>>> print(open('model_37.csv').read())   # CSV, C-alpha atoms and all ligand atoms
chain,number,residue,atom,x,y,z
O,1,MET,CA,-18.2,-14.4,10.3
O,2,ILE,CA,-14.9,-16.2,10.9
O,3,THR,CA,-12.9,-15.7,7.7
O,4,LEU,CA,-9.5,-17.0,6.8
O,5,GLY,CA,-7.5,-14.6,4.5
O,6,ILE,CA,-4.5,-15.3,2.3
O,7,GLU,CA,-2.2,-12.7,0.7
O,8,THR,CA,0.6,-13.7,-1.6
O,9,SER,CA,0.6,-11.1,-4.3
O,10,CYS,CA,4.2,-9.9,-4.0
O,11,ASP,CA,6.9,-10.7,-1.4
O,12,GLU,CA,4.8,-11.1,1.7
O,13,THR,CA,3.2,-14.5,2.7
O,14,GLY,CA,0.3,-13.5,4.8
O,15,VAL,CA,-2.5,-15.4,6.5
O,16,SER,CA,-5.2,-14.0,8.8
O,17,VAL,CA,-8.3,-15.0,10.7
O,18,THR,CA,-10.8,-12.2,11.1
O,19,ASP,CA,-14.3,-11.7,12.3
O,20,GLY,CA,-15.7,-8.4,10.8
O,21,ARG,CA,-13.4,-5.6,11.9
O,22,LYS,CA,-11.9,-7.8,14.6
O,23,VAL,CA,-8.5,-9.3,13.8
O,24,LEU,CA,-8.0,-12.6,15.6
O,25,ALA,CA,-4.7,-13.4,13.9
O,26,ASN,CA,-2.6,-11.7,11.2
O,27,VAL,CA,0.8,-13.3,10.4
O,28,VAL,CA,3.2,-12.3,7.7
O,29,SER,CA,6.5,-13.7,6.6
O,30,SER,CA,8.4,-11.6,4.2
O,31,SER,CA,11.0,-12.6,1.6
O,32,VAL,CA,12.3,-9.0,1.4
O,33,HIS,CA,15.7,-10.0,2.7
O,34,LEU,CA,16.2,-12.4,-0.3
O,35,HIS,CA,15.4,-9.5,-2.8
O,36,LYS,CA,17.6,-6.9,-1.2
O,37,LYS,CA,20.8,-7.7,-3.2
O,38,TYR,CA,18.8,-7.3,-6.5
O,39,GLY,CA,17.4,-3.9,-5.5
O,40,GLY,CA,13.8,-5.1,-6.1
O,41,VAL,CA,11.5,-8.1,-6.0
O,42,VAL,CA,12.5,-11.1,-8.0
O,43,PRO,CA,9.2,-12.9,-9.0
O,44,GLU,CA,10.5,-16.4,-9.0
O,45,ILE,CA,12.2,-16.1,-5.6
O,46,ALA,CA,9.0,-14.6,-4.2
O,47,SER,CA,6.9,-17.4,-5.6
O,48,ARG,CA,9.1,-20.1,-4.2
O,49,PHE,CA,9.1,-18.5,-0.8
O,50,HIS,CA,5.3,-18.5,-0.7
O,51,VAL,CA,5.3,-22.2,-1.5
O,52,GLU,CA,7.7,-22.9,1.3
O,53,TYR,CA,6.0,-20.8,4.0
O,54,ILE,CA,2.3,-20.7,3.3
O,55,VAL,CA,1.3,-23.8,5.3
O,56,GLU,CA,3.5,-22.8,8.2
O,57,MET,CA,1.8,-19.3,8.2
O,58,MET,CA,-1.6,-20.9,8.0
O,59,LYS,CA,-1.0,-23.2,11.0
O,60,LYS,CA,0.4,-20.2,13.0
O,61,ALA,CA,-2.6,-18.0,12.2
O,62,ILE,CA,-5.1,-20.6,13.2
O,63,ALA,CA,-3.1,-21.3,16.5
O,64,ILE,CA,-3.0,-17.5,17.3
O,65,SER,CA,-6.7,-17.0,16.5
O,66,GLY,CA,-7.7,-19.6,19.1
O,67,LYS,CA,-10.0,-21.1,16.5
O,68,ASN,CA,-10.0,-24.4,14.6
O,69,LEU,CA,-10.1,-25.0,10.9
O,70,LYS,CA,-13.7,-26.2,11.3
O,71,ASP,CA,-14.6,-22.7,12.7
O,72,ILE,CA,-13.7,-21.1,9.3
O,73,ARG,CA,-16.8,-20.0,7.4
O,74,LEU,CA,-15.2,-18.3,4.4
O,75,VAL,CA,-11.9,-18.3,2.6
O,76,ALA,CA,-10.7,-15.0,1.0
O,77,VAL,CA,-7.7,-14.7,-1.2
O,78,THR,CA,-6.0,-12.0,-3.2
O,79,ASN,CA,-6.4,-12.9,-6.8
O,80,GLY,CA,-4.8,-9.7,-8.3
O,81,PRO,CA,-3.1,-7.5,-9.1
O,82,GLY,CA,0.4,-8.9,-8.4
O,83,LEU,CA,3.0,-11.4,-9.6
O,84,VAL,CA,1.3,-14.3,-11.3
O,85,GLY,CA,3.3,-17.1,-9.8
O,86,ALA,CA,3.0,-15.6,-6.3
O,87,LEU,CA,-0.7,-15.1,-6.6
O,88,LEU,CA,-1.2,-18.7,-7.9
O,89,THR,CA,0.3,-20.1,-4.7
O,90,GLY,CA,-2.2,-18.3,-2.5
O,91,ILE,CA,-5.1,-19.1,-4.8
O,92,SER,CA,-4.3,-22.8,-5.0
O,93,VAL,CA,-4.1,-23.1,-1.2
O,94,ALA,CA,-7.3,-21.1,-0.8
O,95,LYS,CA,-9.1,-23.4,-3.3
O,96,ALA,CA,-7.9,-26.5,-1.5
O,97,LEU,CA,-9.0,-25.1,1.9
O,98,SER,CA,-12.4,-24.0,0.6
O,99,TYR,CA,-13.0,-27.4,-1.1
O,100,SER,CA,-11.9,-29.5,1.8
O,101,LEU,CA,-13.7,-27.5,4.5
O,102,GLY,CA,-16.8,-27.1,2.3
O,103,VAL,CA,-16.9,-23.3,2.8
O,104,PRO,CA,-17.2,-20.6,0.1
O,105,LEU,CA,-14.3,-19.0,-1.6
O,106,ILE,CA,-13.9,-15.3,-2.5
O,107,GLY,CA,-11.3,-13.6,-4.6
O,108,VAL,CA,-10.3,-10.1,-3.5
O,109,ASN,CA,-8.7,-7.2,-5.3
O,110,HIS,CA,-5.4,-6.3,-3.5
O,111,ILE,CA,-5.8,-2.5,-4.2
O,112,LEU,CA,-9.3,-2.4,-2.7
O,113,ALA,CA,-8.2,-4.5,0.2
O,114,HIS,CA,-5.6,-1.8,1.0
O,115,LEU,CA,-8.3,0.8,0.7
O,116,TYR,CA,-10.3,-0.7,3.5
O,117,SER,CA,-7.4,-1.6,5.8
O,118,SER,CA,-8.2,1.4,8.1
O,119,PHE,CA,-11.4,-0.4,9.1
O,120,LEU,CA,-9.4,-3.1,10.9
O,121,GLY,CA,-9.7,-2.8,14.6
O,122,ASN,CA,-11.3,0.7,14.2
O,123,GLY,CA,-15.0,1.1,14.6
O,124,GLY,CA,-14.9,4.8,13.9
O,125,VAL,CA,-14.3,4.6,10.1
O,126,ARG,CA,-17.5,5.3,8.2
O,127,PHE,CA,-18.7,5.8,4.6
O,128,PRO,CA,-18.7,7.9,2.5
O,129,PHE,CA,-15.1,8.9,2.1
O,130,VAL,CA,-12.4,9.8,-0.3
O,131,GLY,CA,-10.0,6.8,-0.4
O,132,LEU,CA,-6.3,7.2,-1.1
O,133,VAL,CA,-4.3,4.0,-1.9
O,134,VAL,CA,-0.5,4.6,-1.9
O,135,SER,CA,1.6,1.5,-2.4
O,136,GLY,CA,4.6,0.2,-4.3
O,137,GLY,CA,2.5,-0.5,-7.3
O,138,HIS,CA,-0.4,1.9,-7.2
O,139,THR,CA,-1.4,5.5,-6.3
O,140,VAL,CA,-5.2,5.8,-6.6
O,141,LEU,CA,-8.0,8.1,-5.4
O,142,PHE,CA,-11.5,6.7,-4.9
O,143,TYR,CA,-14.8,8.0,-3.8
O,144,CYS,CA,-16.4,5.3,-1.7
O,145,GLU,CA,-20.1,5.1,-0.7
O,146,ASP,CA,-19.9,1.4,0.2
O,147,THR,CA,-17.5,-1.6,-0.3
O,148,VAL,CA,-19.3,-2.3,-3.6
O,149,ARG,CA,-20.3,1.3,-4.6
O,150,TYR,CA,-17.2,3.3,-5.3
O,151,LYS,CA,-15.8,5.4,-8.1
O,152,LEU,CA,-12.2,5.8,-9.3
O,153,LEU,CA,-11.4,9.6,-9.2
O,154,GLY,CA,-7.8,9.5,-10.4
O,155,GLN,CA,-4.5,7.6,-10.4
O,156,THR,CA,-0.9,7.9,-11.3
O,157,GLN,CA,-0.1,8.3,-14.9
O,158,ASP,CA,3.4,6.9,-14.5
O,159,ASP,CA,5.3,5.7,-11.3
O,160,ALA,CA,3.4,4.8,-8.1
O,161,VAL,CA,4.5,6.9,-5.2
O,162,GLY,CA,6.1,3.9,-3.4
O,163,GLU,CA,7.9,3.0,-6.6
O,164,ALA,CA,9.3,6.5,-6.7
O,165,TYR,CA,10.5,6.2,-3.1
O,166,ASP,CA,12.2,2.9,-4.0
O,167,LYS,CA,13.9,4.3,-7.1
O,168,VAL,CA,15.1,7.4,-5.3
O,169,ALA,CA,16.5,5.3,-2.5
O,170,LYS,CA,18.2,3.1,-5.1
O,171,LEU,CA,19.9,6.0,-6.9
O,172,LEU,CA,21.1,7.3,-3.5
O,173,GLY,CA,22.5,3.9,-2.7
O,174,LEU,CA,20.2,3.5,0.4
O,175,GLY,CA,18.9,0.0,-0.3
O,176,TYR,CA,15.5,-1.7,-0.7
O,177,PRO,CA,12.7,-1.2,0.1
O,178,GLY,CA,13.4,2.5,-0.1
O,179,GLY,CA,10.3,4.1,1.5
O,180,PRO,CA,11.1,3.5,5.2
O,181,ILE,CA,14.8,4.5,4.7
O,182,VAL,CA,14.0,7.7,2.8
O,183,ASP,CA,11.4,8.5,5.5
O,184,LYS,CA,14.0,8.1,8.2
O,185,MET,CA,16.8,9.9,6.4
O,186,ALA,CA,14.4,12.9,5.7
O,187,ARG,CA,13.9,13.2,9.4
O,188,SER,CA,17.6,13.8,9.9
O,189,ALA,CA,17.8,16.6,7.3
O,190,LYS,CA,19.2,19.9,8.5
O,191,ARG,CA,19.0,22.3,5.6
O,192,LEU,CA,15.3,22.0,5.0
O,193,ASN,CA,14.8,24.3,2.1
O,194,LYS,CA,18.2,24.0,0.5
O,195,ILE,CA,16.8,21.9,-2.4
O,196,ILE,CA,13.3,22.2,-4.0
O,197,PHE,CA,12.2,19.6,-6.4
O,198,PRO,CA,9.4,20.4,-8.9
O,199,LYS,CA,6.0,18.9,-8.2
O,200,SER,CA,3.7,17.7,-10.9
O,201,TYR,CA,0.1,18.6,-10.6
O,202,LEU,CA,-1.2,17.7,-14.1
O,203,GLY,CA,-3.5,20.7,-14.0
O,204,LYS,CA,-5.2,22.5,-11.2
O,205,HIS,CA,-8.4,20.3,-11.2
O,206,SER,CA,-6.9,17.0,-12.1
O,207,LEU,CA,-7.1,14.2,-9.5
O,208,ASP,CA,-4.4,12.2,-11.3
O,209,PHE,CA,-0.8,11.9,-10.1
O,210,SER,CA,2.7,11.9,-11.7
O,211,PHE,CA,5.8,10.9,-9.8
O,212,SER,CA,8.3,10.1,-12.5
O,213,GLY,CA,9.2,13.8,-12.9
O,214,ILE,CA,10.2,14.2,-9.3
O,215,LYS,CA,12.3,11.0,-9.4
O,216,THR,CA,14.1,12.3,-12.6
O,217,ALA,CA,14.7,15.7,-11.0
O,218,VAL,CA,16.4,13.8,-8.1
O,219,LEU,CA,18.5,11.8,-10.6
O,220,TYR,CA,19.7,14.9,-12.4
O,221,TYR,CA,20.5,16.6,-9.1
O,222,VAL,CA,22.6,13.6,-7.9
O,223,GLN,CA,24.4,13.5,-11.3
O,224,ARG,CA,25.2,17.2,-11.1
O,225,VAL,CA,26.5,16.9,-7.5
O,226,THR,CA,28.5,13.8,-8.2
O,227,LYS,CA,30.2,15.4,-11.2
O,228,ALA,CA,31.0,18.7,-9.3
O,229,ASN,CA,32.2,16.8,-6.2
O,230,THR,CA,33.4,20.0,-4.5
O,231,GLU,CA,33.7,20.9,-0.8
O,232,ASP,CA,30.1,22.2,-0.6
O,233,GLN,CA,28.7,20.0,-3.3
O,234,LYS,CA,29.4,16.3,-2.5
O,235,LEU,CA,27.1,13.5,-2.0
O,236,ASP,CA,27.7,13.0,1.7
O,237,LYS,CA,25.3,11.7,4.3
O,238,SER,CA,24.1,15.2,5.2
O,239,LEU,CA,23.3,16.1,1.5
O,240,VAL,CA,21.6,12.7,1.0
O,241,ALA,CA,19.3,13.5,4.0
O,242,ASP,CA,18.5,16.9,2.4
O,243,ILE,CA,17.7,15.2,-0.9
O,244,CYS,CA,15.4,12.7,0.9
O,245,TYR,CA,13.7,15.5,2.6
O,246,ALA,CA,13.1,17.5,-0.6
O,247,PHE,CA,11.9,14.5,-2.5
O,248,GLN,CA,9.5,13.5,0.3
O,249,GLU,CA,8.1,17.0,0.6
O,250,ALA,CA,7.3,17.1,-3.1
O,251,ALA,CA,5.8,13.6,-3.2
O,252,THR,CA,3.7,14.0,0.0
O,253,ASP,CA,2.5,17.6,-1.0
O,254,ALA,CA,1.0,16.1,-4.2
O,255,LEU,CA,-0.8,13.4,-2.2
O,256,VAL,CA,-2.2,15.7,0.4
O,257,GLU,CA,-3.3,18.4,-2.0
O,258,LYS,CA,-5.1,15.9,-4.3
O,259,ALA,CA,-6.8,14.1,-1.5
O,260,CYS,CA,-8.1,17.5,-0.1
O,261,LEU,CA,-9.1,18.6,-3.6
O,262,ALA,CA,-11.0,15.3,-4.1
O,263,CYS,CA,-12.9,16.0,-0.8
O,264,ALA,CA,-13.7,19.6,-2.0
O,265,MET,CA,-14.9,18.3,-5.4
O,266,ARG,CA,-17.1,15.6,-3.8
O,267,ARG,CA,-18.2,17.7,-0.8
O,268,CYS,CA,-16.9,14.9,1.4
O,269,ARG,CA,-15.5,15.3,4.9
O,270,ARG,CA,-13.5,12.1,5.4
O,271,ILE,CA,-10.3,10.7,4.0
O,272,VAL,CA,-9.2,7.1,4.4
O,273,VAL,CA,-5.7,6.1,3.4
O,274,GLY,CA,-4.2,2.6,2.7
O,275,GLY,CA,-1.1,1.0,1.3
O,276,GLY,CA,2.6,0.7,2.3
O,277,VAL,CA,3.2,4.5,1.9
O,278,ALA,CA,0.4,5.1,4.5
O,279,ALA,CA,3.2,4.2,7.0
O,280,ASN,CA,5.1,7.4,6.0
O,281,SER,CA,5.5,9.7,8.9
O,282,ARG,CA,5.5,12.9,6.9
O,283,LEU,CA,2.4,12.0,4.9
O,284,ARG,CA,0.6,11.3,8.2
O,285,GLU,CA,1.7,14.6,9.7
O,286,LYS,CA,0.8,16.7,6.7
O,287,LEU,CA,-2.5,15.1,5.9
O,288,TYR,CA,-3.7,15.4,9.5
O,289,GLU,CA,-2.7,19.0,9.5
O,290,ALA,CA,-4.3,19.9,6.1
O,291,ALA,CA,-7.5,18.0,6.8
O,292,ALA,CA,-7.9,19.6,10.2
O,293,LEU,CA,-7.7,23.0,8.6
O,294,ASN,CA,-10.5,22.0,6.2
O,295,GLY,CA,-12.7,20.2,8.8
O,296,ILE,CA,-12.0,16.8,7.3
O,297,ALA,CA,-11.5,13.6,9.4
O,298,VAL,CA,-8.6,11.4,8.4
O,299,HIS,CA,-8.1,7.7,9.0
O,300,PHE,CA,-4.8,5.8,8.5
O,301,PRO,CA,-4.5,2.0,9.0
O,302,LYS,CA,-2.6,0.8,12.1
O,303,MET,CA,1.1,0.3,11.1
O,304,GLU,CA,0.7,-3.5,10.9
O,305,TYR,CA,-2.0,-3.1,8.3
O,306,CYS,CA,-0.2,-0.6,6.0
O,307,LEU,CA,2.1,-3.1,4.3
O,308,ASP,CA,0.9,-6.2,2.6
O,309,ASN,CA,-1.1,-8.4,5.0
O,310,ALA,CA,-3.9,-10.9,4.9
O,311,ALA,CA,-6.2,-9.2,7.5
O,312,MET,CA,-7.2,-6.6,4.9
O,313,VAL,CA,-8.0,-9.4,2.5
O,314,SER,CA,-10.2,-11.4,4.8
O,315,PHE,CA,-12.0,-8.2,6.0
O,316,LEU,CA,-12.9,-7.1,2.4
O,317,GLY,CA,-13.7,-10.8,1.4
O,318,GLU,CA,-16.3,-10.9,4.2
O,319,GLN,CA,-17.8,-7.6,3.2
O,320,LEU,CA,-18.1,-8.7,-0.4
O,321,TYR,CA,-19.6,-12.0,0.6
O,322,ALA,CA,-22.2,-10.3,2.7
O,323,ARG,CA,-23.1,-8.3,-0.4
O,324,GLY,CA,-23.7,-11.4,-2.5
O,325,GLN,CA,-20.3,-11.8,-4.2
O,326,ARG,CA,-18.9,-15.3,-4.7
O,327,SER,CA,-16.0,-16.9,-6.5
O,328,ASN,CA,-15.7,-20.5,-7.6
O,329,MET,CA,-13.0,-23.1,-8.5
O,330,TYR,CA,-12.4,-21.2,-11.7
O,331,LEU,CA,-10.9,-18.3,-9.8
O,332,THR,CA,-7.6,-17.5,-11.3
O,333,ALA,CA,-4.7,-15.1,-10.9
O,334,GLU,CA,-5.2,-11.7,-12.6
O,335,PRO,CA,-1.8,-10.0,-12.5
O,336,ASN,CA,-3.1,-6.8,-14.1
O,337,LEU,CA,-6.3,-6.5,-12.3
O,338,GLY,CA,-6.9,-2.7,-12.1
O,339,PRO,CA,-8.4,-0.6,-9.4
O,340,ARG,CA,-11.8,-0.6,-11.4
O,401,LIG,O1,1.4,-1.9,0.0
O,401,LIG,P1,2.8,-2.4,-0.1
O,401,LIG,O2,3.3,-3.3,1.0
O,401,LIG,O3,3.0,-3.3,-1.4
O,401,LIG,C1,2.3,-3.0,-2.6
O,401,LIG,O4,1.1,-3.4,-2.7
O,401,LIG,O5,3.0,-2.4,-3.4
O,401,LIG,O6,3.7,-1.2,-0.3
O,401,LIG,C2,5.1,-1.3,-0.4
O,401,LIG,C3,5.7,0.1,-0.7
O,401,LIG,C4,7.1,0.1,-1.1
O,401,LIG,O7,7.3,0.9,-2.2
O,401,LIG,C5,7.8,0.8,0.2
O,401,LIG,O8,9.0,1.5,-0.2
O,401,LIG,C6,6.7,1.7,0.6
O,401,LIG,O9,5.5,1.0,0.5
O,401,LIG,N1,6.8,2.2,2.0
O,401,LIG,C7,7.0,3.4,2.4
O,401,LIG,C8,7.2,3.4,3.8
O,401,LIG,N2,7.1,2.1,4.2
O,401,LIG,C9,6.8,1.4,3.1
O,401,LIG,N3,7.1,4.6,1.7
O,401,LIG,C10,7.3,5.7,2.3
O,401,LIG,N4,7.5,5.8,3.7
O,401,LIG,C11,7.4,4.7,4.4
O,401,LIG,N5,7.6,4.8,5.8
O,402,ZN,ZN,0.1,-4.0,-1.4
>>> encode(input="model_37.csv", output="structure tokens")
Amino acid sequence: MITLGIETSCDETGVSVTDGRKVLANVVSSSVHLHKKYGGVVPEIASRFHVEYIVEMMKKAIAISGKNLKDIRLVAVTNGPGLVGALLTGISVAKALSYSLGVPLIGVNHILAHLYSSFLGNGGVRFPFVGLVVSGGHTVLFYCEDTVRYKLLGQTQDDAVGEAYDKVAKLLGLGYPGGPIVDKMARSAKRLNKIIFPKSYLGKHSLDFSFSGIKTAVLYYVQRVTKANTEDQKLDKSLVADICYAFQEAATDALVEKACLACAMRRCRRIVVGGGVAANSRLREKLYEAAALNGIAVHFPKMEYCLDNAAMVSFLGEQLYARGQRSNMYLTAEPNLGPR
């Protein structure tokens, strides 16, 4: 079913055309360069950017897909969670399209869209599985039997893992968004076990996460080093790399261990990961390794479907539509829509 997807929940303006798992077009324009100097996303700037670029992105997606507007059978749009002004831009365009083309409209939960992004262009992903969503706003574990039958197993009790990456990068003066920079810096670390940051497990059997403790441990470490500022204790590039490495080890260990624990508790042999942090090289490495030891299959999204994109929205929209879900013109932005 040819579905047009729209994603405007944060700083990426995305439009896609999909047909089941097949991605015919997936275009994204990001306003990240406009937020850099503020060290994080400025909602009003993000909203204005969407207004400016959404029509252009739509035209581009349609052209790349080789389809015409009249081929579209369904319009899917992220309606939460996210920034209210940003979400409203996408929702308004989606409603206008759905109304003018006379095709159904469906609102999609952004977190769940991330969860199924590994299905895009990959026929090998199957249910049931333990789903791990790791993004800038969420860190959630699910058990999924189907796109409409899933259970929330655990989630972060404080910072999301991507948020912790961004905060650590900020306090190390590495810029925004921090995840890719910390990932890269960690790869250049030389003294691998020089620093160990404490991990927080919230109990042996808990499937919840906590990342604010690791972030605070990094902050105290940086403050101590900056104060000492001696020959072997100064915040130079090499020590920053060691800190990135130690932070990343602690953060990814928690993700890997909980995902494997969830599999053991659910007697499940498959893990599916989604969200911006799914692009992390060390998380991929460690999860593949740990899962192989436990006889578990792991699926990560292709790189282009890790960060915010519309293809994951149209894919999930089509799945939900096929299972009888519908939205109408009363669809509205739900900034705090939970993982449910
Ligand atoms: O899924 P996403 O695009 O947006 C949200 O829904 O939040 O995720 C963005 C997050 C940011 O926090 C960014 O720092 C993080 O994903 N990220 C990474 C990497 N690439 C992006 N974190 C760790 N390693 C990466 N390579
Ligand atoms: Zn996202």
>>> closest_residue(input="model_37.csv", among="O:Gly66, O:Pro81, O:Pro177, O:Pro339", to="Thr8 in chain O", atoms="all atoms listed in the file")
O:Pro81
>>> atom_distance(input="model_37.csv", atom1="atom O3 of ligand LIG 401 (chain O)", atom2="CA of Asp308 in chain O")
5.4 Å
>>> atom_distance(input="model_37.csv", atom1="CA of Pro301 in chain O", atom2="CA of Arg187 in chain O")
21.5 Å
>>> residues_around(input="model_37.csv", residues="Val273 in chain O", least_positions_apart="5", cutoff="7 Å", atoms="all atoms listed in the file", output="compact mmCIF listing (two decimals) with C-alpha atoms, keeping the file's coordinate frame")
# COMPACT_ATOMS: atom_id res chain seq x y z
CA LEU O 115 -8.30 0.80 0.70
CA GLY O 131 -10.00 6.80 -0.40
CA LEU O 132 -6.30 7.20 -1.10
CA VAL O 133 -4.30 4.00 -1.90
CA ALA O 278 0.40 5.10 4.50
CA HIS O 299 -8.10 7.70 9.00
CA PHE O 300 -4.80 5.80 8.50
>>> closest_residue(input="model_37.csv", among="O:Val27, O:Leu141, O:Leu105, O:Leu112", to="ligand ZN 402 (chain O)", atoms="only C-alpha atoms and all ligand atoms")
O:Leu112
>>> atom_distance(input="model_37.csv", atom1="CA of Met58 in chain O", atom2="CA of Leu34 in chain O")
21.4 Å
>>> residues_near_ligand(input="model_37.csv", ligand="ligand LIG 401 (chain O)", cutoff="8 Å", atoms="only C-alpha atoms and all ligand atoms", output="VMD selection string")
chain O and resid 9 to 10 12 82 110 to 111 114 134 to 138 161 to 166 176 to 184 274 to 281 306 to 309
>>> residues_around(input="model_37.csv", residues="Cys268 in chain O", least_positions_apart="5", cutoff="10 Å", atoms="only C-alpha atoms", output="PyMOL selection string")
chain O and resi 127-130+143+260-263+296-297
